[in-house]
>>> print(open('structure.cif').read())   # mmCIF, C-alpha atoms
data_protein
loop_
_atom_site.label_atom_id
_atom_site.label_comp_id
_atom_site.auth_asym_id
_atom_site.auth_seq_id
_atom_site.Cartn_x
_atom_site.Cartn_y
_atom_site.Cartn_z
CA MET A 295 7.79 -8.36 -5.75
CA LYS A 296 10.95 -7.24 -3.95
CA PRO A 297 10.95 -5.56 -0.51
CA GLU A 298 11.95 -2.19 -2.00
CA ASP A 299 8.85 -2.24 -4.21
CA ILE A 300 6.82 -1.31 -1.14
CA HIS A 301 8.17 2.26 -1.33
CA ARG A 302 7.29 2.60 -5.00
CA LEU A 303 3.76 1.41 -4.26
CA PHE A 304 3.43 3.55 -1.12
CA THR A 305 4.49 6.63 -3.09
CA LYS A 306 2.10 5.79 -5.94
CA TYR A 307 -0.92 5.18 -3.70
CA PHE A 308 -0.18 8.13 -1.43
CA ASN A 309 0.23 10.61 -4.29
CA GLU A 310 -2.97 9.29 -5.89
CA GLN A 311 -4.71 9.68 -2.50
CA ASN A 312 -5.66 6.01 -2.71
CA LEU A 313 -6.28 5.05 0.91
CA GLU A 314 -7.49 1.55 0.01
CA GLY A 315 -4.30 0.95 -1.98
CA LEU A 316 -2.20 2.08 0.99
CA GLY A 317 -4.11 -0.34 3.19
CA THR A 318 -3.04 -3.27 1.03
CA LEU A 319 0.58 -2.55 1.96
CA TYR A 320 -0.02 -3.34 5.65
CA ALA A 321 -0.54 -6.70 7.33
CA GLU A 322 -3.89 -6.98 9.10
CA ASN A 323 -2.22 -6.63 12.54
CA ALA A 324 0.58 -4.24 11.47
CA MET A 325 2.04 -1.61 13.81
CA PHE A 326 2.54 2.04 12.81
CA ILE A 327 4.67 4.32 15.00
CA PRO A 328 3.20 7.83 14.53
CA GLY A 329 6.06 9.76 16.15
CA TYR A 330 7.63 10.81 19.44
CA GLY A 331 5.41 10.59 22.49
CA ARG A 332 2.54 8.86 20.69
CA ASN A 333 1.34 5.31 21.18
CA PRO A 334 1.72 2.85 18.31
CA ILE A 335 -1.27 2.38 16.03
CA ILE A 336 -2.20 -1.28 15.62
CA GLY A 337 -4.19 -2.74 12.74
CA ARG A 338 -4.64 -1.95 9.05
CA GLU A 339 -7.87 0.04 9.43
CA ASN A 340 -6.47 2.15 12.29
CA ILE A 341 -3.33 2.87 10.25
CA LYS A 342 -5.45 3.98 7.28
CA ASN A 343 -7.30 6.37 9.63
CA GLU A 344 -3.94 7.73 10.82
CA LEU A 345 -2.81 8.38 7.21
CA LYS A 346 -6.13 9.86 6.03
CA PRO A 347 -5.50 13.46 7.28
CA TYR A 348 -2.56 13.75 4.87
CA PHE A 349 -5.10 13.66 2.05
CA GLU A 350 -6.72 16.91 3.25
CA SER A 351 -3.81 18.63 1.51
CA ARG A 352 -2.82 17.59 -1.99
CA GLY A 353 0.76 16.98 -0.94
CA THR A 354 3.39 14.81 -2.56
CA ILE A 355 5.59 12.20 -0.92
CA TYR A 356 8.93 10.86 -2.11
CA SER A 357 10.63 7.78 -0.67
CA ILE A 358 14.01 6.15 -1.28
CA SER A 359 15.11 2.76 0.09
CA ARG A 360 18.59 3.20 1.60
CA SER A 361 19.37 -0.23 3.03
CA ILE A 362 17.55 -3.54 2.78
CA TYR A 363 18.29 -6.71 4.73
CA GLU A 364 16.30 -9.82 3.84
CA ASN A 365 16.14 -12.96 5.93
CA GLY A 366 13.76 -15.46 4.38
CA ASP A 367 10.27 -13.98 4.54
CA THR A 368 11.29 -11.01 6.72
CA ALA A 369 13.00 -7.80 5.65
CA LEU A 370 14.35 -4.74 7.46
CA ILE A 371 14.46 -1.53 5.45
CA LYS A 372 15.84 1.91 6.21
CA SER A 373 14.41 4.59 3.95
CA LEU A 374 14.43 8.34 3.51
CA TRP A 375 11.21 10.20 2.77
CA LYS A 376 10.10 13.74 2.11
CA TYR A 377 6.56 15.14 2.15
CA GLU A 378 5.71 18.47 0.52
CA SER A 379 2.25 19.90 1.23
CA GLU A 380 0.43 21.94 -1.40
CA LYS A 381 1.22 25.00 0.76
CA GLY A 382 4.95 24.30 0.40
CA GLU A 383 5.44 22.93 3.91
CA VAL A 384 8.10 20.22 4.00
CA GLU A 385 8.44 17.30 6.40
CA GLU A 386 11.28 14.76 6.17
CA GLY A 387 12.24 11.61 7.97
CA THR A 388 14.29 8.45 8.11
CA ALA A 389 12.10 5.39 8.44
CA MET A 390 12.82 1.94 9.82
CA GLU A 391 10.43 -0.71 8.57
CA VAL A 392 9.93 -4.43 9.03
CA LEU A 393 8.25 -6.29 6.18
CA LYS A 394 6.83 -9.78 5.94
CA LYS A 395 6.40 -11.77 2.74
CA THR A 396 2.90 -13.21 2.48
CA ASN A 397 2.07 -16.68 1.16
CA GLU A 398 1.16 -14.93 -2.11
CA GLY A 399 4.71 -13.53 -2.40
CA VAL A 400 3.70 -9.94 -1.59
CA TRP A 401 5.71 -7.88 0.90
CA VAL A 402 3.68 -5.98 3.54
CA PHE A 403 4.56 -3.78 6.49
CA ILE A 404 4.36 -5.45 9.88
CA ILE A 405 6.10 -2.49 11.58
CA ASP A 406 6.20 0.94 9.94
CA ASN A 407 8.26 3.45 11.90
CA PRO A 408 8.35 6.50 9.56
CA TYR A 409 10.22 8.71 12.05
CA GLY A 410 12.72 6.06 13.12
CA VAL A 411 11.83 6.56 16.82
#
>>> encode(input="structure.cif", output="structure tokens")
Amino acid sequence: MKPEDIHRLFTKYFNEQNLEGLGTLYAENAMFIPGYGRNPIIGRENIKNELKPYFESRGTIYSISRSIYENGDTALIKSLWKYESEKGEVEEGTAMEVLKKTNEGVWVFIIDNPYGV
């Protein structure tokens, strides 16, 4: 697995509305930054609860890795994403993410900052 594979998997699981699959992409104690003025969400289960409302609408997400910097078992990624709800509403962002390579060779989010705040 390469660090950029996390976006392919995130897109796949999100568009399939596979919350358990999304959960596998986060370290147990990962941090998710939900946006301006909101406190970080800590922990895989809490992050899954934060993402769950997106499944109320059968929207589609797209994600593209723009820059990737690897240093041993840590990676910093900047990505662009776009979410289109089934009602045609569009949300876009530039994410900054920190990944960690597990002992099994799988990359997981340790910090997911989808709005780059």
>>> residues_around(input="structure.cif", residues="A:Trp401", least_positions_apart="2", cutoff="8 Å", atoms="only C-alpha atoms", output="ChimeraX atom specification")
/A:295-297,300,319,393-396,399,403
>>> atom_distance(input="structure.cif", atom1="atom CA of A:Glu310", atom2="atom CA of A:Val402")
19.1 Å
>>> closest_residue(input="structure.cif", among="A:Leu374, A:Ala369, A:Leu345, A:Val392", to="A:Asn312", atoms="all atoms listed in the file")
A:Leu345
>>> residues_near_point(input="structure.cif", point="(11.7, 17.9, 4.7)", cutoff="7 Å", atoms="all atoms listed in the file", output="compact mmCIF listing (two decimals) with C-alpha atoms, in the frame of the given file")
# COMPACT_ATOMS: atom_id res chain seq x y z
CA LYS A 376 10.10 13.74 2.11
CA TYR A 377 6.56 15.14 2.15
CA VAL A 384 8.10 20.22 4.00
CA GLU A 385 8.44 17.30 6.40
CA GLU A 386 11.28 14.76 6.17
>>> resolve_selection(input="structure.cif", expression="the PyMOL selection byres ((chain A and resi 328) around 10)", output="number ranges by chain")
A: 325-327, 329-335, 341, 344-345, 406-411
>>> residues_around(input="structure.cif", residues="A:Glu378", least_positions_apart="4", cutoff="9 Å", atoms="all atoms listed in the file", output="PDB file with C-alpha atoms, in the frame of the given file")
ATOM      1  CA  ARG A 352      -2.820  17.590  -1.990  1.00  0.00           C
ATOM      2  CA  GLY A 353       0.760  16.980  -0.940  1.00  0.00           C
ATOM      3  CA  THR A 354       3.390  14.810  -2.560  1.00  0.00           C
ATOM      4  CA  ILE A 355       5.590  12.200  -0.920  1.00  0.00           C
ATOM      5  CA  TYR A 356       8.930  10.860  -2.110  1.00  0.00           C
ATOM      6  CA  GLY A 382       4.950  24.300   0.400  1.00  0.00           C
ATOM      7  CA  GLU A 383       5.440  22.930   3.910  1.00  0.00           C
ATOM      8  CA  VAL A 384       8.100  20.220   4.000  1.00  0.00           C
ATOM      9  CA  GLU A 385       8.440  17.300   6.400  1.00  0.00           C
ATOM     10  CA  GLU A 386      11.280  14.760   6.170  1.00  0.00           C
TER      11      GLU A 386
END
>>> residues_around(input="structure.cif", residues="A:Ser359", least_positions_apart="6", cutoff="10 Å", atoms="only C-alpha atoms", output="PyMOL selection string")
chain A and resi 297-302+371-375+388-389
>>> write_last_selection(input="structure.cif", atoms="C-alpha atoms", output="short mmCIF file (atom, residue, chain, number, x, y, z; two decimals), in the frame of the given file")
data_model
loop_
_atom_site.label_atom_id
_atom_site.label_comp_id
_atom_site.auth_asym_id
_atom_site.auth_seq_id
_atom_site.Cartn_x
_atom_site.Cartn_y
_atom_site.Cartn_z
CA PRO A 297 10.95 -5.56 -0.51
CA GLU A 298 11.95 -2.19 -2.00
CA ASP A 299 8.85 -2.24 -4.21
CA ILE A 300 6.82 -1.31 -1.14
CA HIS A 301 8.17 2.26 -1.33
CA ARG A 302 7.29 2.60 -5.00
CA ILE A 371 14.46 -1.53 5.45
CA LYS A 372 15.84 1.91 6.21
CA SER A 373 14.41 4.59 3.95
CA LEU A 374 14.43 8.34 3.51
CA TRP A 375 11.21 10.20 2.77
CA THR A 388 14.29 8.45 8.11
CA ALA A 389 12.10 5.39 8.44
#
>>> closest_residue(input="structure.cif", among="A:Ser379, A:Ser361, A:Asn397, A:Thr318", to="A:Gly337", atoms="all atoms listed in the file")
A:Thr318
>>> atom_distance(input="structure.cif", atom1="atom CA of A:Ser351", atom2="atom CA of A:Lys306")
16.0 Å
>>> atom_distance(input="structure.cif", atom1="atom CA of A:Gly387", atom2="atom CA of A:Lys342")
19.3 Å
